[in-house]
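Text of the file my_file03.cif, holding mmCIF, C-alpha atoms:
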data_final
loop_
_atom_site.label_atom_id
_atom_site.label_comp_id
_atom_site.auth_asym_id
_atom_site.auth_seq_id
_atom_site.Cartn_x
_atom_site.Cartn_y
_atom_site.Cartn_z
CA MET A 251 -14.31 -3.47 13.27
CA ILE A 252 -10.93 -3.29 11.59
CA ILE A 253 -8.17 -5.73 12.49
CA PRO A 254 -4.41 -5.24 12.11
CA ALA A 255 -3.06 -7.48 9.36
CA GLN A 256 0.01 -8.15 7.26
CA ILE A 257 0.88 -9.46 3.84
CA TYR A 258 1.42 -13.18 4.31
CA LYS A 259 2.19 -14.57 0.84
CA ILE A 260 1.50 -14.43 -2.87
CA ARG A 261 0.78 -17.73 -4.60
CA PHE A 262 -0.07 -18.87 -8.09
CA ASN A 263 -3.51 -20.38 -8.69
CA LYS A 264 -3.18 -22.95 -11.49
CA ASN A 265 -6.94 -23.47 -11.76
CA SER A 266 -7.72 -19.90 -12.74
CA ASN A 267 -4.28 -18.89 -14.03
CA ASN A 268 -3.99 -15.92 -11.67
CA TYR A 269 -2.37 -15.08 -8.35
CA LEU A 270 -3.75 -15.02 -4.84
CA LEU A 271 -2.59 -12.63 -2.14
CA ASP A 272 -3.05 -13.91 1.39
CA ILE A 273 -3.36 -11.23 4.06
CA ARG A 274 -3.19 -12.57 7.60
CA ASP A 275 -4.96 -11.25 10.67
CA ASN A 276 -2.32 -10.38 13.30
CA ILE A 277 -4.57 -11.46 16.16
CA ASP A 278 -6.24 -14.78 15.25
CA LEU A 279 -4.11 -15.59 12.17
CA ARG A 280 -7.18 -15.79 9.90
CA LEU A 281 -6.66 -15.25 6.19
CA PHE A 282 -8.21 -12.87 3.69
CA THR A 283 -7.42 -13.75 0.07
CA LEU A 284 -7.46 -11.36 -2.89
CA LYS A 285 -7.30 -12.43 -6.53
CA LEU A 286 -4.60 -10.62 -8.52
CA ASN A 287 -3.48 -10.51 -12.10
CA SER A 288 0.21 -11.07 -12.83
CA SER A 289 1.04 -7.35 -13.00
CA GLU A 290 -0.56 -6.65 -9.61
CA ALA A 291 1.20 -9.64 -8.04
CA LYS A 292 4.53 -8.50 -9.46
CA ASN A 293 4.11 -4.96 -8.12
CA ILE A 294 3.32 -6.21 -4.62
CA SER A 295 6.22 -8.66 -4.74
CA LEU A 296 8.65 -5.94 -5.88
CA ALA A 297 7.53 -3.63 -3.07
CA LYS A 298 7.61 -6.43 -0.48
CA ASN A 299 11.17 -7.32 -1.44
CA ASN A 300 12.22 -3.64 -1.52
CA ILE A 301 13.29 -3.83 -5.17
CA PHE A 302 13.56 -0.45 -6.88
CA THR A 303 12.10 -0.46 -10.35
CA ASN A 304 10.44 1.82 -12.88
CA ARG A 305 7.22 -0.17 -12.42
CA LEU A 306 6.67 1.52 -9.06
CA LYS A 307 7.77 5.07 -9.95
CA THR A 308 4.23 6.46 -9.60
CA HIS A 309 4.03 5.07 -6.06
CA ASP A 310 7.43 6.59 -5.29
CA LEU A 311 6.24 9.94 -6.66
CA PHE A 312 3.14 9.85 -4.43
CA ILE A 313 5.27 9.00 -1.38
CA SER A 314 7.71 11.82 -2.18
CA LEU A 315 4.84 14.29 -2.63
CA ILE A 316 3.19 13.55 0.70
CA ASP A 317 6.59 13.70 2.39
CA LEU A 318 7.26 17.09 0.79
CA LEU A 319 3.88 18.32 2.07
CA SER A 320 4.69 17.04 5.60
CA ILE A 321 1.87 14.51 5.47
CA LYS A 322 2.22 11.17 7.25
CA ILE A 323 0.62 7.90 6.20
CA ASP A 324 -1.14 6.69 9.32
CA LYS A 325 -2.55 3.41 8.04
CA ILE A 326 -4.19 1.55 5.18
CA ILE A 327 -7.73 0.23 5.60
CA ILE A 328 -9.12 -2.53 3.36
CA LYS A 329 -12.86 -3.04 3.48
CA LYS A 330 -15.90 -4.09 1.52
CA LYS A 331 -17.87 -1.21 0.04
CA ASN A 332 -20.86 -1.68 -2.28
CA ASP A 333 -19.97 -5.38 -2.77
CA CYS A 334 -16.43 -4.42 -3.89
CA ILE A 335 -13.18 -4.61 -2.00
CA SER A 336 -11.83 -1.09 -1.58
CA SER A 337 -9.18 0.66 0.43
CA GLN A 338 -8.37 3.96 1.99
CA ILE A 339 -5.05 5.51 2.78
CA ILE A 340 -5.42 7.39 6.04
CA LEU A 341 -3.18 10.44 6.06
CA LEU A 342 -2.27 12.79 8.91
CA LYS A 343 -1.50 16.46 8.31
CA GLY A 344 -0.82 17.87 11.75
CA LYS A 345 -3.89 16.94 13.78
CA ASN A 346 -6.12 16.59 10.70
CA GLU A 347 -6.99 13.16 9.35
CA LEU A 348 -7.45 12.85 5.59
CA LYS A 349 -8.94 9.80 3.86
CA LEU A 350 -7.85 8.99 0.34
CA ASP A 351 -9.76 6.29 -1.55
CA SER A 352 -7.37 4.05 -3.43
CA PHE A 353 -7.17 0.90 -5.49
CA VAL A 354 -6.36 -1.95 -3.07
CA VAL A 355 -3.14 -3.03 -4.80
CA ASP A 356 -1.83 0.55 -4.86
CA SER A 357 -2.57 0.91 -1.14
CA ILE A 358 -0.75 -2.32 -0.38
CA VAL A 359 2.29 -1.28 -2.44
CA ILE A 360 2.39 2.09 -0.68
CA SER A 361 2.06 0.44 2.73
CA LEU A 362 4.95 -1.91 1.94
CA LYS A 363 7.15 0.91 0.67
CA THR A 364 6.43 3.14 3.69
CA PHE A 365 6.13 0.42 6.36
CA SER A 366 2.59 1.61 7.10
CA LEU A 367 0.18 -0.55 9.04
CA ILE A 368 -2.57 -2.41 7.20
CA TYR A 369 -6.00 -2.92 8.74
CA VAL A 370 -8.72 -5.13 7.27
CA ASP A 371 -12.44 -5.17 8.02
CA GLU A 372 -12.89 -8.33 10.08
CA LYS A 373 -15.86 -9.41 7.91
CA LEU A 374 -13.42 -10.08 5.06
CA PHE A 375 -11.37 -12.71 6.86
CA ASN A 376 -11.86 -16.30 5.73
CA ASN A 377 -13.85 -15.04 2.74
CA SER A 378 -12.37 -15.18 -0.76
CA SER A 379 -12.79 -12.27 -3.11
#
Let me see the structure of the file written as structure tokens.
Amino acid sequence: MIIPAQIYKIRFNKNSNNYLLDIRDNIDLRLFTLKLNSSEAKNISLAKNNIFTNRLKTHDLFISLIDLLSIKIDKIIIKKKNDCISSQIILLKGKNELKLDSFVVDSIVISLKTFSLIYVDEKLFNNSS
């Protein structure tokens, strides 16, 4: 089952010299934590704070293209697939649903830039990855 969730915070992990992204379950407030490198953390932070930058131009291009094609982003789904965390961008073209596999960080950036809902497989909550 997928659960509605939101980006909670990005924090630095001194022990492993990387960043952690906490995604919080909107229902029970459980956390799902993703490990990020500094570039990924920066991209998510820029999108979350609505800062326009060349770093996110590819995301902006994708968003412009789907808008031009009259396609709507319905939601982002983050799940575990083949022991890896993966994501899908669920698109709507009229009454047709399209599923686009995507790198998790790119999906999150796109969801933040388009105010799209994020859903996470409930099995991932309270498990680090």
What lies within 9 Å of stretch 284-294 of chain A using all atoms listed in the file, ignoring chain neighbours under 6 positions off, as a list of chain:residue names?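 Residues near the query, excluding close chain neighbours: A:Ile260, A:Arg261, A:Asn267, A:Asn268, A:Tyr269, A:Leu270, A:Leu271, A:Asp272, A:Ile273, A:Arg305, A:Leu306, A:Ile335, A:Val355, A:Asp356, A:Ile358, A:Val359, A:Leu362, A:Ser378, A:Ser379.
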From the options A:Leu374, A:Ile321, A:Leu348, A:Ile360, which residue's atoms come nearest to A:Arg280, counting all atoms listed in the file?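 Closest candidate: A:Leu374.
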Option closest in space to A:Ser320, from A:Lys363, A:Pro254, A:Asn332, A:Lys343 [counting only C-alpha atoms]: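 Between A:Lys363, A:Pro254, A:Asn332, A:Lys343, the residue approaching A:Ser320 most closely is A:Lys343.
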Non-local contacts of A:Gly344 (12 Å; all atoms listed in the file; under 2 positions in same chain excluded) as a ChimeraX atom specification: /A:319-324,341-342,346-348
Nearby residues (only C-alpha atoms) at most 6 Å from A:Ile253, same-chain spacing under 4 positions excluded, as a short mmCIF file (atom, residue, chain, number, x, y, z; two decimals) with C-alpha atoms, in the coordinates of the input:
data_model
loop_
_atom_site.label_atom_id
_atom_site.label_comp_id
_atom_site.auth_asym_id
_atom_site.auth_seq_id
_atom_site.Cartn_x
_atom_site.Cartn_y
_atom_site.Cartn_z
CA TYR A 369 -6.00 -2.92 8.74
CA VAL A 370 -8.72 -5.13 7.27
CA GLU A 372 -12.89 -8.33 10.08
#
Every residue with an atom at most 8 Å from (-4.0, 0.3, 0.9) (file coordinates; all atoms listed in the file) is what I'm after, so could you write them as a VMD selection string? chain A and resid 325 to 328 337 to 339 352 to 361 368
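The spacing separating atom CA of A:Leu350 from atom CA of A:Ile277 amounts to 26.1 Å.
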Which of these, A:Phe302, A:Lys349, A:Ala297, A:Thr364, has the shortest distance to A:Asp317 once you count only C-alpha atoms?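 Once distances to A:Asp317 are computed over only C-alpha atoms, the minimum belongs to A:Thr364.
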Atom CA of A:Lys331 and atom CA of A:Asp351 are how many Å apart? 11.2 Å
Care to translate the PyMOL selection byres ((chain A and resi 274) around 8) into actual residues of this file, as a PyMOL selection string? chain A and resi 255-258+272-273+275-276+279-282
Can you tell me how far atom CA of A:His309 sits from atom CA of A:Lys264, in Å to one decimal? 29.4 Å
